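Note sheet for the following structure.
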Amino acid sequence: MGKYLAKKYKNLEEFTPGEQKDKNEFIKLNTNENPYPPAPGSAEAVTKEVELLGYYNDPLCVKLRETFAKYHGISADEVMFGNGSDEILAFSFVAFGEEEKGMCFPDITYGFYEVYSELFGVNGKQIPLNEDLSITPADYYNANRTIIIANPNAPSGLVLSLKDIEGILQNNKENVVIIDEAYISFGGESAMSLINKYDNLLVVGTFSKARNLAGARLGYAVGCKELIADMNKIRYSFNPYDVNAMTQALGIVSIEQDEYFKECIEKIINARDKFTLDMRSMEFEVANSNTNFVFVKPKTIDAKELYEKLKERKILVRHFDADKVKDFIRISIGTMEEMDIVAENIKEILG
Ligand SMILES: *Cc1c(COP(=O)(O)O)cnc(C)c1O
């Protein structure tokens with residue numbers, strides 16, 4: 001640490017992103033990326049934008065918002081875009097995380113919620129997951145705080161029904177409820193259909209996982225237009241040009257290619273379900289996943305040791321040190337071929 005860092009950040013524990021290793025050397029299954037390329041036509045769309053890079057990009061993301069809104073049957077002022085959903089989530093902590101009121105989220109969930117609470121001085125209360133890593137919706141009733149829940153949750157991969165989400169919304173009329181739907185396309189029902197019914201609902205999503213655009217950085221928030229205006233107030237006070245011109249074009253191309261993504265998602269779900277059976281046959285505990293990763297508990301080897309042995313074999317997965325989940329590893333779902341190689345290697349490691 002340098003001696004000039006502002007005092008209030010001296011104890012800040014920053015987010016640890018998954019290692020980004022050379023994809024030619026590793027089978028990379030540690031950050032829930034999508035193994036398939038972005039939508040056909042992406043390269044052409046980017047090339048067109050490159051010629052105009054001397055000019056600023058559209059801070060309003062008008063074409064992107066209109067395309068998205070039309071596709072989802074909402075109005076263009078009910079959506080906003082940002083530089084990945086990480087940035088969108090940051091804006092939501094700033095906009096709705098009042099210091100004294102604070103926020104709440106599960107104790108085991110996406111790591112950024114805790115980091116943002118620290119960074120923005122928001123009192124972030126952690127609500128324990130159940131023993132089986134599930135969420136009890138009633139734990140969030142009348143929270144008297146801004147609520148944020150990843151649905152499906154990570155790294156558990158477990159999902160709440162739309163009815164459960166609606167219960168939380170109905171019992172928190174005075175609180176904003178943020179639902180982070182990074183993985184919703186792989187299992188579960190989006191709460192986006194509820195934004196006209198609940199003015200306290202903010203749905204956050206990303207193009208990183210199911211739209212094969214992790215490296216382009218595109219995330220969004222959907223909610224009633226008042227909530228979106230509040231979010232934009234923060235965004236315009238920070239960086240209105242956060243979604244670059246190439247990324248806006250990539251977003252537009254990807255929204256219009258439904259068939260392509262349906263195929264990609266189906267391939268991932270098939271690989272996930274086969275891999276789940278393979279792991280169970282080797283006596284791993286594996287809950288049914290609703291995402292593009294599985295959270296597995298080995299029975300005959302220490303989880304961290306397995307993570308390290310896989311890394312020696314150039315297979316990168318994720319291990320978390322938190323007590324409740326240290327006996328698990330999280331494995332993102334790649335292609336069927338990749339998952340077969342992983343299963344084969346695990347078999348060899350177990351002897
Ligand atoms: C991956 C992930 C994000 C971040 O997505 P980006 O759009 O790439 O920033 C947000 N929330 C959850 C739960 C995630 O798993």
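As shown in the structure tokens, the chain order sets the letters A, B, ...; within each chain, residues go from 1, and ligands are also counted from 1 in the order they appear.
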Could you pull out all residues of segment 82-279 of chain A with a DSSP call of helix (DSSP H, G or I) and give them as JSON, numbers by chain? {"A": [84, 85, 86, 87, 88, 89, 90, 91, 92, 93, 94, 95, 96, 112, 113, 114, 115, 116, 117, 118, 119, 137, 138, 139, 140, 162, 163, 164, 165, 166, 167, 168, 169, 170, 184, 185, 186, 191, 192, 193, 194, 214, 215, 216, 225, 226, 227, 228, 229, 230, 231, 232, 233, 234, 235, 236, 245, 246, 247, 248, 249, 250, 251, 252, 253, 254, 255, 258, 259, 260, 261, 262, 263, 264, 265, 266, 267, 268, 269, 270, 271, 272, 273, 274, 275, 276, 277, 278, 279]}
Would you mind listing the residues within 9 Å of ligand 1, counting only C-alpha atoms and all ligand atoms, as a PDB file with N, CA, C and O atoms, in the first residue's frame?
```pdb
ATOM      1  N   THR A  31     -14.348 -18.641 -14.733  1.00  0.00           N
ATOM      2  CA  THR A  31     -15.103 -17.384 -14.588  1.00  0.00           C
ATOM      3  C   THR A  31     -16.439 -17.400 -15.338  1.00  0.00           C
ATOM      4  O   THR A  31     -16.955 -16.350 -15.724  1.00  0.00           O
ATOM      5  N   ASN A  32     -16.985 -18.586 -15.517  1.00  0.00           N
ATOM      6  CA  ASN A  32     -18.336 -18.733 -16.080  1.00  0.00           C
ATOM      7  C   ASN A  32     -18.524 -18.028 -17.420  1.00  0.00           C
ATOM      8  O   ASN A  32     -19.570 -17.444 -17.694  1.00  0.00           O
ATOM      9  N   GLU A  33     -17.456 -18.095 -18.222  1.00  0.00           N
ATOM     10  CA  GLU A  33     -17.571 -17.513 -19.556  1.00  0.00           C
ATOM     11  C   GLU A  33     -18.231 -18.508 -20.495  1.00  0.00           C
ATOM     12  O   GLU A  33     -18.410 -19.675 -20.173  1.00  0.00           O
ATOM     13  N   GLY A  82     -24.693  -0.273 -19.126  1.00  0.00           N
ATOM     14  CA  GLY A  82     -23.451   0.121 -18.483  1.00  0.00           C
ATOM     15  C   GLY A  82     -22.317  -0.777 -18.909  1.00  0.00           C
ATOM     16  O   GLY A  82     -22.511  -1.737 -19.663  1.00  0.00           O
ATOM     17  N   ASN A  83     -21.116  -0.464 -18.389  1.00  0.00           N
ATOM     18  CA  ASN A  83     -19.901  -1.196 -18.738  1.00  0.00           C
ATOM     19  C   ASN A  83     -19.838  -2.504 -17.939  1.00  0.00           C
ATOM     20  O   ASN A  83     -19.141  -2.620 -16.942  1.00  0.00           O
ATOM     21  N   GLY A  84     -20.600  -3.484 -18.405  1.00  0.00           N
ATOM     22  CA  GLY A  84     -20.741  -4.731 -17.657  1.00  0.00           C
ATOM     23  C   GLY A  84     -21.747  -4.553 -16.544  1.00  0.00           C
ATOM     24  O   GLY A  84     -22.021  -3.411 -16.119  1.00  0.00           O
ATOM     25  N   SER A  85     -22.315  -5.656 -16.065  1.00  0.00           N
ATOM     26  CA  SER A  85     -23.278  -5.487 -14.974  1.00  0.00           C
ATOM     27  C   SER A  85     -22.560  -5.153 -13.675  1.00  0.00           C
ATOM     28  O   SER A  85     -23.177  -4.634 -12.746  1.00  0.00           O
ATOM     29  N   ASP A  86     -21.267  -5.404 -13.583  1.00  0.00           N
ATOM     30  CA  ASP A  86     -20.524  -4.963 -12.399  1.00  0.00           C
ATOM     31  C   ASP A  86     -20.704  -3.458 -12.196  1.00  0.00           C
ATOM     32  O   ASP A  86     -20.940  -2.993 -11.087  1.00  0.00           O
ATOM     33  N   GLU A  87     -20.583  -2.707 -13.279  1.00  0.00           N
ATOM     34  CA  GLU A  87     -20.738  -1.257 -13.153  1.00  0.00           C
ATOM     35  C   GLU A  87     -22.178  -0.887 -12.802  1.00  0.00           C
ATOM     36  O   GLU A  87     -22.421  -0.009 -11.964  1.00  0.00           O
ATOM     37  N   ILE A  88     -23.119  -1.579 -13.454  1.00  0.00           N
ATOM     38  CA  ILE A  88     -24.536  -1.342 -13.148  1.00  0.00           C
ATOM     39  C   ILE A  88     -24.813  -1.599 -11.663  1.00  0.00           C
ATOM     40  O   ILE A  88     -25.505  -0.831 -10.991  1.00  0.00           O
ATOM     41  N   LEU A  89     -24.250  -2.695 -11.145  1.00  0.00           N
ATOM     42  CA  LEU A  89     -24.430  -3.016  -9.726  1.00  0.00           C
ATOM     43  C   LEU A  89     -23.816  -1.923  -8.850  1.00  0.00           C
ATOM     44  O   LEU A  89     -24.414  -1.508  -7.847  1.00  0.00           O
ATOM     45  N   THR A 109     -22.603 -15.340  -1.834  1.00  0.00           N
ATOM     46  CA  THR A 109     -23.181 -14.864  -3.091  1.00  0.00           C
ATOM     47  C   THR A 109     -22.084 -14.198  -3.903  1.00  0.00           C
ATOM     48  O   THR A 109     -20.895 -14.382  -3.626  1.00  0.00           O
ATOM     49  N   TYR A 110     -22.468 -13.414  -4.887  1.00  0.00           N
ATOM     50  CA  TYR A 110     -21.495 -12.733  -5.723  1.00  0.00           C
ATOM     51  C   TYR A 110     -20.619 -11.791  -4.873  1.00  0.00           C
ATOM     52  O   TYR A 110     -21.134 -10.924  -4.154  1.00  0.00           O
ATOM     53  N   GLY A 111     -19.290 -11.951  -4.968  1.00  0.00           N
ATOM     54  CA  GLY A 111     -18.359 -11.270  -4.078  1.00  0.00           C
ATOM     55  C   GLY A 111     -18.413  -9.753  -4.121  1.00  0.00           C
ATOM     56  O   GLY A 111     -18.049  -9.075  -3.151  1.00  0.00           O
ATOM     57  N   PHE A 112     -18.877  -9.212  -5.247  1.00  0.00           N
ATOM     58  CA  PHE A 112     -18.865  -7.763  -5.380  1.00  0.00           C
ATOM     59  C   PHE A 112     -19.839  -7.050  -4.435  1.00  0.00           C
ATOM     60  O   PHE A 112     -19.641  -5.880  -4.097  1.00  0.00           O
ATOM     61  N   ILE A 149     -30.294  -9.712  -4.479  1.00  0.00           N
ATOM     62  CA  ILE A 149     -30.204 -11.178  -4.552  1.00  0.00           C
ATOM     63  C   ILE A 149     -29.828 -11.563  -5.974  1.00  0.00           C
ATOM     64  O   ILE A 149     -30.429 -11.080  -6.936  1.00  0.00           O
ATOM     65  N   ALA A 150     -28.831 -12.431  -6.104  1.00  0.00           N
ATOM     66  CA  ALA A 150     -28.523 -13.001  -7.417  1.00  0.00           C
ATOM     67  C   ALA A 150     -29.460 -14.184  -7.628  1.00  0.00           C
ATOM     68  O   ALA A 150     -29.551 -15.064  -6.777  1.00  0.00           O
ATOM     69  N   ASN A 151     -30.167 -14.189  -8.739  1.00  0.00           N
ATOM     70  CA  ASN A 151     -31.093 -15.284  -9.027  1.00  0.00           C
ATOM     71  C   ASN A 151     -30.970 -15.723 -10.491  1.00  0.00           C
ATOM     72  O   ASN A 151     -31.335 -14.965 -11.365  1.00  0.00           O
ATOM     73  N   PRO A 152     -30.462 -16.961 -10.732  1.00  0.00           N
ATOM     74  CA  PRO A 152     -29.921 -17.925  -9.783  1.00  0.00           C
ATOM     75  C   PRO A 152     -28.747 -17.337  -8.993  1.00  0.00           C
ATOM     76  O   PRO A 152     -28.055 -16.457  -9.482  1.00  0.00           O
ATOM     77  N   ASN A 153     -28.566 -17.882  -7.769  1.00  0.00           N
ATOM     78  CA  ASN A 153     -27.472 -17.399  -6.936  1.00  0.00           C
ATOM     79  C   ASN A 153     -26.155 -18.051  -7.371  1.00  0.00           C
ATOM     80  O   ASN A 153     -26.142 -19.119  -7.973  1.00  0.00           O
ATOM     81  N   ALA A 154     -25.065 -17.372  -7.090  1.00  0.00           N
ATOM     82  CA  ALA A 154     -23.738 -17.912  -7.345  1.00  0.00           C
ATOM     83  C   ALA A 154     -22.975 -17.907  -6.035  1.00  0.00           C
ATOM     84  O   ALA A 154     -23.134 -16.964  -5.248  1.00  0.00           O
ATOM     85  N   PRO A 155     -22.122 -18.876  -5.741  1.00  0.00           N
ATOM     86  CA  PRO A 155     -21.826 -20.014  -6.612  1.00  0.00           C
ATOM     87  C   PRO A 155     -22.731 -21.232  -6.421  1.00  0.00           C
ATOM     88  O   PRO A 155     -22.429 -22.281  -6.953  1.00  0.00           O
ATOM     89  N   ASP A 180     -30.286  -9.739  -9.460  1.00  0.00           N
ATOM     90  CA  ASP A 180     -29.158  -9.851 -10.388  1.00  0.00           C
ATOM     91  C   ASP A 180     -29.327 -11.146 -11.186  1.00  0.00           C
ATOM     92  O   ASP A 180     -29.117 -12.240 -10.667  1.00  0.00           O
ATOM     93  N   GLU A 181     -29.712 -10.998 -12.438  1.00  0.00           N
ATOM     94  CA  GLU A 181     -30.069 -12.175 -13.252  1.00  0.00           C
ATOM     95  C   GLU A 181     -28.976 -12.573 -14.234  1.00  0.00           C
ATOM     96  O   GLU A 181     -29.255 -12.936 -15.380  1.00  0.00           O
ATOM     97  N   ALA A 182     -27.723 -12.563 -13.786  1.00  0.00           N
ATOM     98  CA  ALA A 182     -26.611 -12.886 -14.685  1.00  0.00           C
ATOM     99  C   ALA A 182     -26.793 -14.249 -15.376  1.00  0.00           C
ATOM    100  O   ALA A 182     -26.367 -14.434 -16.511  1.00  0.00           O
ATOM    101  N   TYR A 183     -27.436 -15.192 -14.678  1.00  0.00           N
ATOM    102  CA  TYR A 183     -27.501 -16.574 -15.201  1.00  0.00           C
ATOM    103  C   TYR A 183     -28.897 -17.021 -15.600  1.00  0.00           C
ATOM    104  O   TYR A 183     -29.108 -18.200 -15.866  1.00  0.00           O
ATOM    105  N   VAL A 204     -31.228  -6.605 -12.871  1.00  0.00           N
ATOM    106  CA  VAL A 204     -29.911  -6.362 -13.461  1.00  0.00           C
ATOM    107  C   VAL A 204     -29.507  -7.582 -14.279  1.00  0.00           C
ATOM    108  O   VAL A 204     -29.741  -8.717 -13.863  1.00  0.00           O
ATOM    109  N   GLY A 205     -28.948  -7.331 -15.461  1.00  0.00           N
ATOM    110  CA  GLY A 205     -28.544  -8.453 -16.311  1.00  0.00           C
ATOM    111  C   GLY A 205     -27.257  -8.155 -17.049  1.00  0.00           C
ATOM    112  O   GLY A 205     -26.726  -7.039 -16.987  1.00  0.00           O
ATOM    113  N   THR A 206     -26.746  -9.161 -17.735  1.00  0.00           N
ATOM    114  CA  THR A 206     -25.461  -9.016 -18.419  1.00  0.00           C
ATOM    115  C   THR A 206     -25.453  -9.740 -19.762  1.00  0.00           C
ATOM    116  O   THR A 206     -26.188 -10.705 -19.947  1.00  0.00           O
ATOM    117  N   PHE A 207     -24.628  -9.244 -20.668  1.00  0.00           N
ATOM    118  CA  PHE A 207     -24.414  -9.943 -21.946  1.00  0.00           C
ATOM    119  C   PHE A 207     -23.179 -10.854 -21.851  1.00  0.00           C
ATOM    120  O   PHE A 207     -22.763 -11.442 -22.825  1.00  0.00           O
ATOM    121  N   SER A 208     -22.589 -10.943 -20.647  1.00  0.00           N
ATOM    122  CA  SER A 208     -21.343 -11.700 -20.494  1.00  0.00           C
ATOM    123  C   SER A 208     -21.541 -13.207 -20.546  1.00  0.00           C
ATOM    124  O   SER A 208     -20.687 -13.933 -21.030  1.00  0.00           O
ATOM    125  N   LYS A 209     -22.655 -13.700 -20.008  1.00  0.00           N
ATOM    126  CA  LYS A 209     -22.768 -15.131 -19.792  1.00  0.00           C
ATOM    127  C   LYS A 209     -23.537 -15.809 -20.922  1.00  0.00           C
ATOM    128  O   LYS A 209     -23.017 -16.716 -21.556  1.00  0.00           O
ATOM    129  N   LEU A 213     -20.475 -12.333 -24.635  1.00  0.00           N
ATOM    130  CA  LEU A 213     -19.786 -11.047 -24.820  1.00  0.00           C
ATOM    131  C   LEU A 213     -19.048 -10.575 -23.559  1.00  0.00           C
ATOM    132  O   LEU A 213     -18.941  -9.367 -23.317  1.00  0.00           O
ATOM    133  N   ALA A 214     -18.495 -11.512 -22.796  1.00  0.00           N
ATOM    134  CA  ALA A 214     -17.837 -11.120 -21.534  1.00  0.00           C
ATOM    135  C   ALA A 214     -16.759 -10.059 -21.765  1.00  0.00           C
ATOM    136  O   ALA A 214     -16.644  -9.097 -21.015  1.00  0.00           O
ATOM    137  N   GLY A 215     -15.981 -10.231 -22.839  1.00  0.00           N
ATOM    138  CA  GLY A 215     -14.866  -9.324 -23.090  1.00  0.00           C
ATOM    139  C   GLY A 215     -15.282  -7.968 -23.641  1.00  0.00           C
ATOM    140  O   GLY A 215     -14.467  -7.044 -23.712  1.00  0.00           O
ATOM    141  N   ALA A 216     -16.549  -7.827 -24.030  1.00  0.00           N
ATOM    142  CA  ALA A 216     -17.012  -6.545 -24.580  1.00  0.00           C
ATOM    143  C   ALA A 216     -17.572  -5.625 -23.495  1.00  0.00           C
ATOM    144  O   ALA A 216     -17.681  -4.419 -23.700  1.00  0.00           O
ATOM    145  N   ARG A 217     -17.913  -6.194 -22.329  1.00  0.00           N
ATOM    146  CA  ARG A 217     -18.432  -5.453 -21.172  1.00  0.00           C
ATOM    147  C   ARG A 217     -19.768  -4.758 -21.468  1.00  0.00           C
ATOM    148  O   ARG A 217     -19.817  -3.593 -21.853  1.00  0.00           O
ATOM    149  N   LEU A 218     -20.844  -5.482 -21.318  1.00  0.00           N
ATOM    150  CA  LEU A 218     -22.167  -4.894 -21.499  1.00  0.00           C
ATOM    151  C   LEU A 218     -23.143  -5.477 -20.471  1.00  0.00           C
ATOM    152  O   LEU A 218     -23.363  -6.678 -20.415  1.00  0.00           O
ATOM    153  N   GLY A 219     -23.687  -4.588 -19.654  1.00  0.00           N
ATOM    154  CA  GLY A 219     -24.684  -4.993 -18.660  1.00  0.00           C
ATOM    155  C   GLY A 219     -25.845  -4.011 -18.698  1.00  0.00           C
ATOM    156  O   GLY A 219     -25.751  -2.948 -19.315  1.00  0.00           O
ATOM    157  N   TYR A 220     -26.952  -4.362 -18.033  1.00  0.00           N
ATOM    158  CA  TYR A 220     -28.128  -3.482 -18.093  1.00  0.00           C
ATOM    159  C   TYR A 220     -28.924  -3.541 -16.794  1.00  0.00           C
ATOM    160  O   TYR A 220     -28.759  -4.462 -15.978  1.00  0.00           O
TER     161      TYR A 220
END
```
Please, which residues in segment 27-138 of chain A fall within 10 Å of segment 159-164 of chain A when counting only C-alpha atoms, and what is the closest atom pair and distance in Å to one decimal for each, ordered by chain then residue number, as JSON lines?
```
{"residue": "A:Ser134", "atom": "CA", "partner": "A:Val159", "partner_atom": "CA", "distance": 8.2}
{"residue": "A:Ile135", "atom": "CA", "partner": "A:Leu160", "partner_atom": "CA", "distance": 7.7}
{"residue": "A:Thr136", "atom": "CA", "partner": "A:Asp164", "partner_atom": "CA", "distance": 8.8}
{"residue": "A:Pro137", "atom": "CA", "partner": "A:Asp164", "partner_atom": "CA", "distance": 6.1}
{"residue": "A:Ala138", "atom": "CA", "partner": "A:Asp164", "partner_atom": "CA", "distance": 8.7}
```
Pick the closest to Cys61 of chain A from A:Asp258, A:Asp242, A:Glu118, A:Asp321: which is it, counting only C-alpha atoms?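 Result for the nearest residue to Cys61 of chain A: A:Asp242.
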When you count only C-alpha atoms, which of these residues is closest to Thr16 of chain A: A:Ile148, A:Val115, A:Ile255, A:Ile178? A:Val115
Using the chain letters and numbers from this document, which residues of segment 57-239 of chain A does DSSP assign to strand (DSSP E or B), as a PyMOL selection string? chain A and resi 79-82+103-106+124-127+146-150+177-180+201-206+219-223
Take the residues just selected and output them with N, CA and C atoms as a compact mmCIF listing (two decimals), in the first residue's frame.
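The result, stored in part_30.txt:
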```
# COMPACT_ATOMS: atom_id res chain seq x y z
N VAL A 79 -35.03 0.91 -19.44
CA VAL A 79 -33.76 0.17 -19.47
C VAL A 79 -32.59 1.14 -19.58
N MET A 80 -31.48 0.77 -18.96
CA MET A 80 -30.23 1.52 -19.14
C MET A 80 -29.09 0.52 -19.27
N PHE A 81 -28.01 0.96 -19.93
CA PHE A 81 -26.85 0.08 -20.13
C PHE A 81 -25.63 0.63 -19.39
N GLY A 82 -24.69 -0.27 -19.13
CA GLY A 82 -23.45 0.12 -18.48
C GLY A 82 -22.32 -0.78 -18.91
N MET A 103 -28.02 -2.06 3.07
CA MET A 103 -28.50 -3.08 2.12
C MET A 103 -28.37 -4.45 2.76
N CYS A 104 -28.95 -5.45 2.14
CA CYS A 104 -28.74 -6.82 2.62
C CYS A 104 -28.68 -7.78 1.45
N PHE A 105 -27.97 -8.88 1.66
CA PHE A 105 -27.78 -9.90 0.63
C PHE A 105 -27.33 -11.19 1.31
N PRO A 106 -27.38 -12.32 0.60
CA PRO A 106 -26.98 -13.59 1.22
C PRO A 106 -25.51 -13.57 1.63
N GLY A 124 -23.73 -3.20 4.77
CA GLY A 124 -24.19 -4.40 4.03
C GLY A 124 -24.40 -5.58 4.95
N LYS A 125 -25.65 -5.86 5.28
CA LYS A 125 -25.96 -6.97 6.20
C LYS A 125 -26.02 -8.27 5.42
N GLN A 126 -25.35 -9.29 5.95
CA GLN A 126 -25.33 -10.59 5.27
C GLN A 126 -26.33 -11.53 5.93
N ILE A 127 -27.21 -12.08 5.12
CA ILE A 127 -28.23 -12.99 5.62
C ILE A 127 -27.80 -14.43 5.29
N THR A 146 -32.34 -1.95 1.46
CA THR A 146 -32.35 -2.29 0.03
C THR A 146 -31.82 -3.71 -0.10
N ILE A 147 -32.53 -4.52 -0.88
CA ILE A 147 -32.20 -5.96 -0.98
C ILE A 147 -31.52 -6.24 -2.31
N ILE A 148 -30.50 -7.06 -2.28
CA ILE A 148 -29.93 -7.52 -3.55
C ILE A 148 -29.73 -9.03 -3.49
N ILE A 149 -30.29 -9.71 -4.48
CA ILE A 149 -30.20 -11.18 -4.55
C ILE A 149 -29.83 -11.56 -5.97
N ALA A 150 -28.83 -12.43 -6.10
CA ALA A 150 -28.52 -13.00 -7.42
C ALA A 150 -29.46 -14.18 -7.63
N VAL A 177 -35.77 -3.64 -4.38
CA VAL A 177 -35.32 -5.04 -4.45
C VAL A 177 -34.59 -5.22 -5.78
N ILE A 178 -33.30 -5.52 -5.69
CA ILE A 178 -32.48 -5.68 -6.91
C ILE A 178 -32.28 -7.17 -7.16
N ILE A 179 -32.66 -7.62 -8.34
CA ILE A 179 -32.47 -9.03 -8.68
C ILE A 179 -31.40 -9.10 -9.78
N ASP A 180 -30.29 -9.74 -9.46
CA ASP A 180 -29.16 -9.85 -10.39
C ASP A 180 -29.33 -11.15 -11.19
N LEU A 201 -38.85 -2.69 -8.00
CA LEU A 201 -38.05 -3.79 -8.57
C LEU A 201 -37.04 -3.29 -9.60
N LEU A 202 -35.78 -3.64 -9.39
CA LEU A 202 -34.73 -3.36 -10.37
C LEU A 202 -34.10 -4.69 -10.77
N VAL A 203 -34.20 -5.02 -12.06
CA VAL A 203 -33.61 -6.26 -12.56
C VAL A 203 -32.29 -5.91 -13.25
N VAL A 204 -31.23 -6.60 -12.87
CA VAL A 204 -29.91 -6.36 -13.46
C VAL A 204 -29.51 -7.58 -14.28
N GLY A 205 -28.95 -7.33 -15.46
CA GLY A 205 -28.54 -8.45 -16.31
C GLY A 205 -27.26 -8.16 -17.05
N THR A 206 -26.75 -9.16 -17.73
CA THR A 206 -25.46 -9.02 -18.42
C THR A 206 -25.45 -9.74 -19.76
N GLY A 219 -23.69 -4.59 -19.65
CA GLY A 219 -24.68 -4.99 -18.66
C GLY A 219 -25.84 -4.01 -18.70
N TYR A 220 -26.95 -4.36 -18.03
CA TYR A 220 -28.13 -3.48 -18.09
C TYR A 220 -28.92 -3.54 -16.79
N ALA A 221 -29.75 -2.55 -16.63
CA ALA A 221 -30.75 -2.56 -15.55
C ALA A 221 -32.10 -2.29 -16.18
N VAL A 222 -33.13 -2.99 -15.68
CA VAL A 222 -34.49 -2.80 -16.15
C VAL A 222 -35.37 -2.54 -14.93
N GLY A 223 -36.24 -1.54 -15.05
CA GLY A 223 -37.15 -1.22 -13.94
C GLY A 223 -38.10 -0.13 -14.38
```
Using only C-alpha atoms, what table do you get, as CSV, when you list each residue of segment 256-318 of chain A with an atom no more than 10 Å from segment 37-55 of chain A, its nearest pair of atoms, and their distance in Å rounded to one decimal, rows by chain then rising number?
```
residue,atom,partner,partner_atom,distance
A:Glu256,CA,A:Ala39,CA,9.0
A:Gln257,CA,A:Ala39,CA,6.7
A:Asp258,CA,A:Ala39,CA,9.2
A:Glu259,CA,A:Ala39,CA,9.8
A:Tyr260,CA,A:Ala39,CA,6.8
A:Phe261,CA,A:Ala39,CA,7.6
A:Cys264,CA,A:Pro37,CA,9.3
```
Those same residues - C-alpha atoms - I'd like them written as a PDB file, in the first residue's frame.
```
ATOM      1  CA  GLU A 256     -31.451  -9.775 -32.939  1.00  0.00           C
ATOM      2  CA  GLN A 257     -30.014 -13.311 -33.171  1.00  0.00           C
ATOM      3  CA  ASP A 258     -32.205 -15.323 -30.940  1.00  0.00           C
ATOM      4  CA  GLU A 259     -31.814 -18.633 -32.777  1.00  0.00           C
ATOM      5  CA  TYR A 260     -28.032 -18.599 -32.492  1.00  0.00           C
ATOM      6  CA  PHE A 261     -28.092 -18.083 -28.724  1.00  0.00           C
ATOM      7  CA  CYS A 264     -25.449 -22.101 -27.698  1.00  0.00           C
TER       8      CYS A 264
END
```
Name all residues at most 9 Å from Gly121 of chain A (count only C-alpha atoms; drop same-chain ones fewer than 5 positions away) and give them as an NGL selection string. :A and (97-99 or 102 or 116)
Given the selection you just returned, output its residues as a file containing N, CA and C atoms, formatted as a compact mmCIF listing (two decimals), in the first residue's frame.
```txt
# COMPACT_ATOMS: atom_id res chain seq x y z
N GLY A 97 -28.32 2.57 -1.89
CA GLY A 97 -27.73 2.02 -0.67
C GLY A 97 -27.48 3.06 0.39
N GLU A 98 -28.52 3.76 0.81
CA GLU A 98 -28.33 4.81 1.80
C GLU A 98 -27.57 4.30 3.02
N GLU A 99 -26.66 5.15 3.49
CA GLU A 99 -25.78 4.77 4.59
C GLU A 99 -26.53 4.20 5.79
N GLY A 102 -28.88 1.11 4.66
CA GLY A 102 -28.06 -0.04 4.33
C GLY A 102 -28.72 -1.00 3.35
N TYR A 116 -18.63 -3.70 -2.78
CA TYR A 116 -19.29 -2.41 -3.05
C TYR A 116 -19.82 -1.79 -1.75
```
Quick one: of A:Asn130, A:Arg211, A:Leu306, A:Val317, who's nearest to Ile252 of chain A, counting only C-alpha atoms?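 That would be A:Arg211, the residue with the smallest distance to Ile252 of chain A.
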So which residues touch Thr291 of chain A within 8 Å, counting only C-alpha atoms, skipping near sequence neighbours fewer than 3 positions away, as a list in words? Pro152, Gly157, Tyr183, Ile184, Ser185, Phe186, Gly187 and Val294 of chain A
I need the residue nearest Lys326 of chain A from this list: A:Lys233, A:Lys197, A:Lys274, A:Lys297. Use only C-alpha atoms for the distance. A:Lys297
Top pick for closest residue to Asn196 of chain A, considering A:Met246, A:Leu133, A:Ile74, A:Ala287 and counting only C-alpha atoms: A:Ile74
Ile346 of chain A: which residues within 9 Å, counting only C-alpha atoms, same-chain residues fewer than 6 positions away excluded, as number ranges by chain? A: 279, 282, 306, 309-310
Dump N, CA, C and O atoms for the selected residues as a PDB file, in the first residue's frame?
```
ATOM      1  N   MET A 279     -20.054 -36.533 -12.705  1.00  0.00           N
ATOM      2  CA  MET A 279     -19.510 -36.209 -11.383  1.00  0.00           C
ATOM      3  C   MET A 279     -20.193 -37.040 -10.301  1.00  0.00           C
ATOM      4  O   MET A 279     -19.557 -37.513  -9.367  1.00  0.00           O
ATOM      5  N   MET A 282     -18.874 -40.344  -9.894  1.00  0.00           N
ATOM      6  CA  MET A 282     -17.600 -40.407  -9.152  1.00  0.00           C
ATOM      7  C   MET A 282     -17.814 -39.972  -7.703  1.00  0.00           C
ATOM      8  O   MET A 282     -16.884 -39.536  -7.022  1.00  0.00           O
ATOM      9  N   LEU A 306      -7.966 -30.731  -5.140  1.00  0.00           N
ATOM     10  CA  LEU A 306      -8.462 -31.069  -6.481  1.00  0.00           C
ATOM     11  C   LEU A 306      -8.286 -29.884  -7.432  1.00  0.00           C
ATOM     12  O   LEU A 306      -7.841 -30.034  -8.576  1.00  0.00           O
ATOM     13  N   LYS A 309      -4.622 -29.729  -8.350  1.00  0.00           N
ATOM     14  CA  LYS A 309      -4.211 -30.814  -9.247  1.00  0.00           C
ATOM     15  C   LYS A 309      -4.746 -30.597 -10.661  1.00  0.00           C
ATOM     16  O   LYS A 309      -4.080 -30.914 -11.643  1.00  0.00           O
ATOM     17  N   LEU A 310      -5.945 -30.031 -10.750  1.00  0.00           N
ATOM     18  CA  LEU A 310      -6.502 -29.731 -12.076  1.00  0.00           C
ATOM     19  C   LEU A 310      -5.677 -28.633 -12.754  1.00  0.00           C
ATOM     20  O   LEU A 310      -5.425 -28.675 -13.953  1.00  0.00           O
TER      21      LEU A 310
END
```
Between atom CA of Val122 of chain A and atom CA of Met192 of chain A, what is the distance in Å, rounded to a tenth?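 Going from atom CA of Val122 of chain A over to atom CA of Met192 of chain A covers 26.0 Å.
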Pick from A:Ala76, A:Val253, A:Val176, A:Leu227, whichever lies nearest to Lys101 of chain A using only C-alpha atoms: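 With only C-alpha atoms as the atom set, the closest residue is A:Val176.
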